[in-house]
file structure_11.pdb (PDB, C-alpha atoms)
MODEL        1
ATOM      1  CA  MET T 678       8.337   4.605  -3.218  1.00  0.00           C
ATOM      2  CA  ALA T 679       4.928   4.621  -1.550  1.00  0.00           C
ATOM      3  CA  ILE T 680       1.467   6.156  -1.517  1.00  0.00           C
ATOM      4  CA  TYR T 681       0.848   8.161   1.657  1.00  0.00           C
ATOM      5  CA  LEU T 682      -2.925   8.071   2.114  1.00  0.00           C
ATOM      6  CA  ILE T 683      -4.150  10.757   4.525  1.00  0.00           C
ATOM      7  CA  ARG T 684      -7.540  11.569   5.983  1.00  0.00           C
ATOM      8  CA  HIS T 685      -8.256  15.259   6.639  1.00  0.00           C
ATOM      9  CA  GLY T 686      -8.112  16.898  10.073  1.00  0.00           C
ATOM     10  CA  GLU T 687     -11.044  17.210  12.431  1.00  0.00           C
ATOM     11  CA  THR T 688     -13.888  19.672  11.877  1.00  0.00           C
ATOM     12  CA  ALA T 689     -16.632  20.924  14.172  1.00  0.00           C
ATOM     13  CA  SER T 690     -19.056  18.822  12.138  1.00  0.00           C
ATOM     14  CA  ASN T 691     -16.974  15.721  12.890  1.00  0.00           C
ATOM     15  CA  ALA T 692     -17.093  16.464  16.599  1.00  0.00           C
ATOM     16  CA  ASN T 693     -20.808  17.327  16.552  1.00  0.00           C
ATOM     17  CA  ARG T 694     -21.767  14.416  14.298  1.00  0.00           C
ATOM     18  CA  VAL T 695     -23.166  16.460  11.439  1.00  0.00           C
ATOM     19  CA  VAL T 696     -23.055  15.325   7.803  1.00  0.00           C
ATOM     20  CA  GLN T 697     -20.533  17.693   6.280  1.00  0.00           C
ATOM     21  CA  VAL T 698     -20.813  20.156   3.425  1.00  0.00           C
ATOM     22  CA  PRO T 699     -17.852  20.720   1.082  1.00  0.00           C
ATOM     23  CA  GLU T 700     -16.998  24.097   2.621  1.00  0.00           C
ATOM     24  CA  THR T 701     -16.626  22.786   6.191  1.00  0.00           C
ATOM     25  CA  PRO T 702     -13.306  24.157   7.553  1.00  0.00           C
ATOM     26  CA  LEU T 703     -10.963  22.490   9.994  1.00  0.00           C
ATOM     27  CA  SER T 704     -11.601  23.233  13.652  1.00  0.00           C
ATOM     28  CA  GLU T 705      -8.842  24.519  15.918  1.00  0.00           C
ATOM     29  CA  ARG T 706      -8.119  20.933  16.904  1.00  0.00           C
ATOM     30  CA  GLY T 707      -8.099  19.913  13.258  1.00  0.00           C
ATOM     31  CA  LEU T 708      -5.603  22.650  12.413  1.00  0.00           C
ATOM     32  CA  ALA T 709      -3.362  21.457  15.243  1.00  0.00           C
ATOM     33  CA  GLN T 710      -3.648  17.897  13.939  1.00  0.00           C
ATOM     34  CA  ALA T 711      -2.707  19.014  10.425  1.00  0.00           C
ATOM     35  CA  GLU T 712       0.273  20.961  11.752  1.00  0.00           C
ATOM     36  CA  ARG T 713       1.547  17.865  13.564  1.00  0.00           C
ATOM     37  CA  LEU T 714       1.007  15.758  10.466  1.00  0.00           C
ATOM     38  CA  GLY T 715       3.026  18.235   8.422  1.00  0.00           C
ATOM     39  CA  ARG T 716       5.904  18.038  10.886  1.00  0.00           C
ATOM     40  CA  ARG T 717       5.770  14.243  10.822  1.00  0.00           C
ATOM     41  CA  LEU T 718       6.064  14.143   7.035  1.00  0.00           C
ATOM     42  CA  ALA T 719       8.568  16.979   6.591  1.00  0.00           C
ATOM     43  CA  GLU T 720      11.576  14.716   5.970  1.00  0.00           C
ATOM     44  CA  ASP T 721       9.829  11.642   4.536  1.00  0.00           C
ATOM     45  CA  GLY T 722      10.642  12.290   0.886  1.00  0.00           C
ATOM     46  CA  ILE T 723       7.205  13.324  -0.376  1.00  0.00           C
ATOM     47  CA  SER T 724       7.575  14.768  -3.867  1.00  0.00           C
ATOM     48  CA  ARG T 725       3.960  15.075  -5.033  1.00  0.00           C
ATOM     49  CA  ILE T 726       0.656  15.903  -3.320  1.00  0.00           C
ATOM     50  CA  LEU T 727      -2.843  15.171  -4.620  1.00  0.00           C
ATOM     51  CA  SER T 728      -5.779  16.563  -2.643  1.00  0.00           C
ATOM     52  CA  SER T 729      -9.537  16.649  -2.659  1.00  0.00           C
ATOM     53  CA  ASP T 730     -10.810  20.162  -3.303  1.00  0.00           C
ATOM     54  CA  TYR T 731     -13.085  20.082  -0.232  1.00  0.00           C
ATOM     55  CA  ALA T 732     -11.901  22.674   2.291  1.00  0.00           C
ATOM     56  CA  ARG T 733     -11.099  20.254   5.123  1.00  0.00           C
ATOM     57  CA  ALA T 734      -8.843  18.142   2.909  1.00  0.00           C
ATOM     58  CA  HIS T 735      -7.216  21.033   1.065  1.00  0.00           C
ATOM     59  CA  THR T 736      -6.307  22.821   4.298  1.00  0.00           C
ATOM     60  CA  THR T 737      -4.796  19.590   5.624  1.00  0.00           C
ATOM     61  CA  ALA T 738      -2.797  19.288   2.398  1.00  0.00           C
ATOM     62  CA  GLU T 739      -1.554  22.866   2.823  1.00  0.00           C
ATOM     63  CA  HIS T 740       0.185  21.865   6.043  1.00  0.00           C
ATOM     64  CA  VAL T 741       1.935  18.984   4.273  1.00  0.00           C
ATOM     65  CA  SER T 742       2.877  21.323   1.439  1.00  0.00           C
ATOM     66  CA  ALA T 743       4.258  23.903   3.870  1.00  0.00           C
ATOM     67  CA  THR T 744       6.739  21.489   5.458  1.00  0.00           C
ATOM     68  CA  THR T 745       7.723  19.582   2.313  1.00  0.00           C
ATOM     69  CA  GLY T 746       7.806  22.460  -0.191  1.00  0.00           C
ATOM     70  CA  VAL T 747       5.686  20.411  -2.602  1.00  0.00           C
ATOM     71  CA  PRO T 748       2.763  22.113  -4.416  1.00  0.00           C
ATOM     72  CA  ILE T 749      -0.769  20.754  -4.177  1.00  0.00           C
ATOM     73  CA  GLU T 750      -2.575  19.280  -7.188  1.00  0.00           C
ATOM     74  CA  ILE T 751      -6.382  19.170  -6.925  1.00  0.00           C
ATOM     75  CA  GLU T 752      -8.093  15.907  -7.847  1.00  0.00           C
ATOM     76  CA  GLU T 753     -11.894  16.072  -7.633  1.00  0.00           C
ATOM     77  CA  THR T 754     -12.373  12.300  -7.629  1.00  0.00           C
ATOM     78  CA  LEU T 755     -10.861  12.323  -4.126  1.00  0.00           C
ATOM     79  CA  ARG T 756     -14.004  13.975  -2.733  1.00  0.00           C
ATOM     80  CA  GLU T 757     -15.968  12.316   0.057  1.00  0.00           C
ATOM     81  CA  ARG T 758     -19.081  10.321  -0.821  1.00  0.00           C
ATOM     82  CA  ASN T 759     -21.845  12.741  -1.779  1.00  0.00           C
ATOM     83  CA  PHE T 760     -24.682  12.532   0.740  1.00  0.00           C
ATOM     84  CA  GLY T 761     -26.754  15.041  -1.214  1.00  0.00           C
ATOM     85  CA  ASP T 762     -29.707  16.564   0.594  1.00  0.00           C
ATOM     86  CA  LEU T 763     -28.536  15.130   3.924  1.00  0.00           C
ATOM     87  CA  ARG T 764     -25.442  17.320   4.085  1.00  0.00           C
ATOM     88  CA  GLY T 765     -25.627  19.808   6.919  1.00  0.00           C
ATOM     89  CA  ARG T 766     -28.004  17.642   8.980  1.00  0.00           C
ATOM     90  CA  PRO T 767     -27.190  15.881  12.278  1.00  0.00           C
ATOM     91  CA  TYR T 768     -26.601  12.142  12.149  1.00  0.00           C
ATOM     92  CA  SER T 769     -29.424  11.687  14.640  1.00  0.00           C
ATOM     93  CA  GLU T 770     -31.921  12.909  12.025  1.00  0.00           C
ATOM     94  CA  VAL T 771     -30.842  10.872   9.012  1.00  0.00           C
ATOM     95  CA  GLY T 772     -30.675   7.235  10.105  1.00  0.00           C
ATOM     96  CA  ASP T 773     -27.960   4.809   9.013  1.00  0.00           C
ATOM     97  CA  LEU T 774     -26.008   6.524   6.237  1.00  0.00           C
ATOM     98  CA  PHE T 775     -23.784   3.503   5.804  1.00  0.00           C
ATOM     99  CA  ALA T 776     -26.422   0.794   5.418  1.00  0.00           C
ATOM    100  CA  GLU T 777     -25.941  -1.509   2.465  1.00  0.00           C
ATOM    101  CA  GLY T 778     -28.096  -0.376  -0.450  1.00  0.00           C
ATOM    102  CA  TYR T 779     -28.819   3.022   1.087  1.00  0.00           C
ATOM    103  CA  GLU T 780     -29.021   5.851  -1.463  1.00  0.00           C
ATOM    104  CA  PRO T 781     -29.128   9.356   0.030  1.00  0.00           C
ATOM    105  CA  PRO T 782     -31.553  11.738  -1.731  1.00  0.00           C
ATOM    106  CA  GLY T 783     -29.624  13.746  -4.289  1.00  0.00           C
ATOM    107  CA  GLY T 784     -26.424  11.869  -3.475  1.00  0.00           C
ATOM    108  CA  GLU T 785     -24.341   8.819  -4.326  1.00  0.00           C
ATOM    109  CA  SER T 786     -25.345   5.245  -3.670  1.00  0.00           C
ATOM    110  CA  TRP T 787     -22.612   2.899  -2.460  1.00  0.00           C
ATOM    111  CA  GLU T 788     -22.391   1.500  -5.982  1.00  0.00           C
ATOM    112  CA  VAL T 789     -21.902   4.916  -7.591  1.00  0.00           C
ATOM    113  CA  PHE T 790     -19.440   5.985  -4.904  1.00  0.00           C
ATOM    114  CA  PHE T 791     -17.333   2.837  -5.232  1.00  0.00           C
ATOM    115  CA  GLU T 792     -17.244   3.238  -9.024  1.00  0.00           C
ATOM    116  CA  ARG T 793     -15.838   6.745  -8.535  1.00  0.00           C
ATOM    117  CA  ALA T 794     -13.397   5.546  -5.888  1.00  0.00           C
ATOM    118  CA  ASP T 795     -12.129   2.868  -8.270  1.00  0.00           C
ATOM    119  CA  ARG T 796     -11.580   5.488 -10.992  1.00  0.00           C
ATOM    120  CA  SER T 797      -9.810   7.653  -8.448  1.00  0.00           C
ATOM    121  CA  TRP T 798      -7.522   4.786  -7.455  1.00  0.00           C
ATOM    122  CA  GLU T 799      -6.472   4.392 -11.082  1.00  0.00           C
ATOM    123  CA  ILE T 800      -5.510   8.082 -11.139  1.00  0.00           C
ATOM    124  CA  VAL T 801      -3.539   7.655  -7.920  1.00  0.00           C
ATOM    125  CA  LYS T 802      -1.717   4.600  -9.257  1.00  0.00           C
ATOM    126  CA  ARG T 803      -0.700   6.457 -12.406  1.00  0.00           C
ATOM    127  CA  ALA T 804       0.459   9.465 -10.400  1.00  0.00           C
ATOM    128  CA  ALA T 805       2.523   7.227  -8.112  1.00  0.00           C
ATOM    129  CA  ALA T 806       4.149   5.498 -11.089  1.00  0.00           C
ATOM    130  CA  GLU T 807       5.118   8.884 -12.550  1.00  0.00           C
ATOM    131  CA  THR T 808       6.499  10.264  -9.276  1.00  0.00           C
ATOM    132  CA  ASP T 809      10.101  10.118  -8.076  1.00  0.00           C
ATOM    133  CA  GLY T 810       9.477   9.973  -4.366  1.00  0.00           C
ATOM    134  CA  HIS T 811       6.438   9.357  -2.209  1.00  0.00           C
ATOM    135  CA  LEU T 812       2.963  10.467  -3.320  1.00  0.00           C
ATOM    136  CA  ALA T 813       0.762  12.057  -0.641  1.00  0.00           C
ATOM    137  CA  VAL T 814      -2.989  11.703  -1.200  1.00  0.00           C
ATOM    138  CA  VAL T 815      -5.090  13.904   1.089  1.00  0.00           C
ATOM    139  CA  THR T 816      -8.695  12.861   1.090  1.00  0.00           C
ATOM    140  CA  HIS T 817     -11.625  11.612   3.190  1.00  0.00           C
ATOM    141  CA  GLY T 818     -12.484   8.654   5.348  1.00  0.00           C
ATOM    142  CA  LEU T 819     -14.639   6.725   2.910  1.00  0.00           C
ATOM    143  CA  ILE T 820     -12.113   7.130   0.095  1.00  0.00           C
ATOM    144  CA  CYS T 821      -9.460   5.736   2.460  1.00  0.00           C
ATOM    145  CA  PHE T 822     -11.803   2.863   3.273  1.00  0.00           C
ATOM    146  CA  ALA T 823     -12.522   2.188  -0.397  1.00  0.00           C
ATOM    147  CA  TYR T 824      -8.860   2.134  -1.405  1.00  0.00           C
ATOM    148  CA  VAL T 825      -7.741  -0.123   1.433  1.00  0.00           C
ATOM    149  CA  SER T 826     -10.687  -2.522   1.339  1.00  0.00           C
ATOM    150  CA  ARG T 827     -11.005  -2.812  -2.456  1.00  0.00           C
ATOM    151  CA  SER T 828      -7.647  -2.115  -4.071  1.00  0.00           C
ATOM    152  CA  ALA T 829      -4.828  -2.647  -1.586  1.00  0.00           C
ATOM    153  CA  ARG T 830      -3.653  -5.786   0.193  1.00  0.00           C
ATOM    154  CA  THR T 831      -3.850  -6.043   3.964  1.00  0.00           C
ATOM    155  CA  GLU T 832      -2.796  -8.877   6.229  1.00  0.00           C
ATOM    156  CA  PRO T 833      -4.902 -12.041   5.749  1.00  0.00           C
ATOM    157  CA  GLY T 834      -8.029 -11.989   7.873  1.00  0.00           C
ATOM    158  CA  HIS T 835      -7.719  -8.286   8.661  1.00  0.00           C
ATOM    159  CA  GLU T 836     -11.057  -6.460   8.516  1.00  0.00           C
ATOM    160  CA  VAL T 837     -10.802  -2.833   7.402  1.00  0.00           C
ATOM    161  CA  SER T 838     -12.921  -0.368   9.367  1.00  0.00           C
ATOM    162  CA  ARG T 839     -14.628   2.700   7.885  1.00  0.00           C
ATOM    163  CA  GLY T 840     -13.461   4.700  10.903  1.00  0.00           C
ATOM    164  CA  PHE T 841     -10.149   6.187   9.794  1.00  0.00           C
ATOM    165  CA  ALA T 842      -8.839   8.711  12.318  1.00  0.00           C
ATOM    166  CA  ASN T 843      -8.490  12.409  11.495  1.00  0.00           C
ATOM    167  CA  THR T 844      -5.070  13.049   9.861  1.00  0.00           C
ATOM    168  CA  SER T 845      -4.287   9.340  10.078  1.00  0.00           C
ATOM    169  CA  LEU T 846      -1.587   8.040   7.768  1.00  0.00           C
ATOM    170  CA  THR T 847      -1.896   4.842   5.748  1.00  0.00           C
ATOM    171  CA  VAL T 848       1.130   3.836   3.690  1.00  0.00           C
ATOM    172  CA  ILE T 849       0.603   1.632   0.618  1.00  0.00           C
ATOM    173  CA  GLU T 850       3.211   0.230  -1.748  1.00  0.00           C
ATOM    174  CA  SER T 851       3.153   2.154  -5.022  1.00  0.00           C
ATOM    175  CA  GLN T 852       3.344  -1.006  -7.132  1.00  0.00           C
ATOM    176  CA  ALA T 853       1.331  -4.207  -7.294  1.00  0.00           C
ATOM    177  CA  PRO T 854       0.231  -5.913  -5.123  1.00  0.00           C
ATOM    178  CA  PHE T 855      -0.141  -2.528  -3.325  1.00  0.00           C
ATOM    179  CA  ARG T 856       0.517  -3.980   0.108  1.00  0.00           C
ATOM    180  CA  VAL T 857      -0.495  -1.862   3.099  1.00  0.00           C
ATOM    181  CA  GLU T 858       2.654  -1.130   5.097  1.00  0.00           C
ATOM    182  CA  LEU T 859       1.049   1.126   7.727  1.00  0.00           C
ATOM    183  CA  LEU T 860      -2.662   1.396   8.481  1.00  0.00           C
ATOM    184  CA  ASP T 861      -4.583   4.315  10.012  1.00  0.00           C
ATOM    185  CA  CYS T 862      -1.642   5.572  12.080  1.00  0.00           C
ATOM    186  CA  SER T 863      -2.013   8.777  14.101  1.00  0.00           C
ATOM    187  CA  ALA T 864       1.159   8.518  16.174  1.00  0.00           C
ATOM    188  CA  HIS T 865       1.832  12.215  15.504  1.00  0.00           C
ATOM    189  CA  LEU T 866      -1.173  13.256  17.598  1.00  0.00           C
ATOM    190  CA  ASP T 867      -0.959  13.935  21.316  1.00  0.00           C
ATOM    191  CA  GLU T 868      -3.790  13.453  23.811  1.00  0.00           C
ATOM    192  CA  GLU T 869      -5.258  16.909  23.106  1.00  0.00           C
ATOM    193  CA  THR T 870      -5.430  16.688  19.326  1.00  0.00           C
ATOM    194  CA  ALA T 871      -6.367  13.007  19.306  1.00  0.00           C
ATOM    195  CA  HIS T 872      -9.462  13.530  21.473  1.00  0.00           C
ATOM    196  CA  ASP T 873     -12.574  11.811  20.060  1.00  0.00           C
ATOM    197  CA  ARG T 874     -10.752  11.102  16.807  1.00  0.00           C
ATOM    198  CA  ARG T 875     -12.870   7.998  16.111  1.00  0.00           C
ATOM    199  CA  SER T 876     -16.242   9.501  16.965  1.00  0.00           C
ATOM    200  CA  VAL T 877     -17.260   9.828  13.319  1.00  0.00           C
ATOM    201  CA  SER T 878     -16.825   7.140  10.693  1.00  0.00           C
ATOM    202  CA  GLY T 879     -15.865   8.175   7.206  1.00  0.00           C
ATOM    203  CA  LEU T 880     -17.038  11.785   6.932  1.00  0.00           C
TER
ENDMDL
END

call {"tool": "encode", "arguments": {"input": "structure_11.pdb", "output": "structure tokens"}}
result
Amino acid sequence: MAIYLIRHGETASNANRVVQVPETPLSERGLAQAERLGRRLAEDGISRILSSDYARAHTTAEHVSATTGVPIEIEETLRERNFGDLRGRPYSEVGDLFAEGYEPPGGESWEVFFERADRSWEIVKRAAAETDGHLAVVTHGLICFAYVSRSARTEPGHEVSRGFANTSLTVIESQAPFRVELLDCSAHLDEETAHDRRSVSGL
């Protein structure tokens, strides 16, 4: 069995390079991406779904739920890094959000975020161990980055990027050493829905 790690579909804020708020919905393109993801996973044997409660992730999870018949369980530790007072502002106004040591006003430093991501990974591992079938985890780009770069095993010398594609699928073994079997795959997207999918890193 495996952990199916999924980034949410595209939003208008992704496309316009705006730091997102929790309520940001999927755009039309993002909804189309989520629909294609759901079709891709319909027969894959997913038997449990964990999702961030942020709208863009939860709506993505709904499309997986619709094709698999599996209910969604909310897990708040799967939320994106909290950028606090910067949420809702264009990237061009806020500088380098991803700089080492940067702490957004009212938000999470890298250290605090990674501590939460590590706690979240422990929850995911337990859920996977308790699940007969694959576990789908619908979340955000920086959570995907944290899991793969800190807790899973990739090929030697492989550098993990923060820029996971919208609705990309990463498959991780559900037992130690948690080897990455598929990384950041968006083969289900066509040219229309894949447009500019790497324009925003992590949010």

call {"tool": "closest_residue", "arguments": {"input": "structure_11.pdb", "among": "T:Gly818, T:Gly686, T:Gly840, T:Pro854", "to": "Arg733 of chain T", "atoms": "all atoms listed in the file"}}
result
T:Gly686

call {"tool": "resolve_selection", "arguments": {"input": "structure_11.pdb", "expression": "the PyMOL selection byres ((chain T and resi 761-764) around 6)", "output": "MDAnalysis selection string"}}
result
chainID T and resid 696:698 759:760 765:766 782:784

call {"tool": "closest_residue", "arguments": {"input": "structure_11.pdb", "among": "T:Glu705, T:Asp809, T:Asp721, T:Glu757", "to": "Phe791 of chain T", "atoms": "only C-alpha atoms"}}
result
T:Glu757

call {"tool": "closest_residue", "arguments": {"input": "structure_11.pdb", "among": "T:Gly778, T:Pro702, T:Gly715, T:Gly722", "to": "His811 of chain T", "atoms": "only C-alpha atoms"}}
result
T:Gly722

call {"tool": "resolve_selection", "arguments": {"input": "structure_11.pdb", "expression": "the PyMOL selection byres ((chain T and resi 831) around 9)", "output": "list of chain:residue names"}}
result
T:Val825, T:Ser826, T:Ala829, T:Arg830, T:Glu832, T:Pro833, T:Gly834, T:His835, T:Glu836, T:Val837, T:Phe855, T:Arg856, T:Val857, T:Glu858, T:Leu860

call {"tool": "write_last_selection", "arguments": {"input": "structure_11.pdb", "atoms": "C-alpha atoms", "output": "mmCIF file, keeping the file's coordinate frame"}}
result
data_model
loop_
_atom_site.group_PDB
_atom_site.id
_atom_site.type_symbol
_atom_site.label_atom_id
_atom_site.label_comp_id
_atom_site.auth_asym_id
_atom_site.auth_seq_id
_atom_site.Cartn_x
_atom_site.Cartn_y
_atom_site.Cartn_z
ATOM 1 C CA VAL T 825 -7.741 -0.123 1.433
ATOM 2 C CA SER T 826 -10.687 -2.522 1.339
ATOM 3 C CA ALA T 829 -4.828 -2.647 -1.586
ATOM 4 C CA ARG T 830 -3.653 -5.786 0.193
ATOM 5 C CA GLU T 832 -2.796 -8.877 6.229
ATOM 6 C CA PRO T 833 -4.902 -12.041 5.749
ATOM 7 C CA GLY T 834 -8.029 -11.989 7.873
ATOM 8 C CA HIS T 835 -7.719 -8.286 8.661
ATOM 9 C CA GLU T 836 -11.057 -6.460 8.516
ATOM 10 C CA VAL T 837 -10.802 -2.833 7.402
ATOM 11 C CA PHE T 855 -0.141 -2.528 -3.325
ATOM 12 C CA ARG T 856 0.517 -3.980 0.108
ATOM 13 C CA VAL T 857 -0.495 -1.862 3.099
ATOM 14 C CA GLU T 858 2.654 -1.130 5.097
ATOM 15 C CA LEU T 860 -2.662 1.396 8.481
#
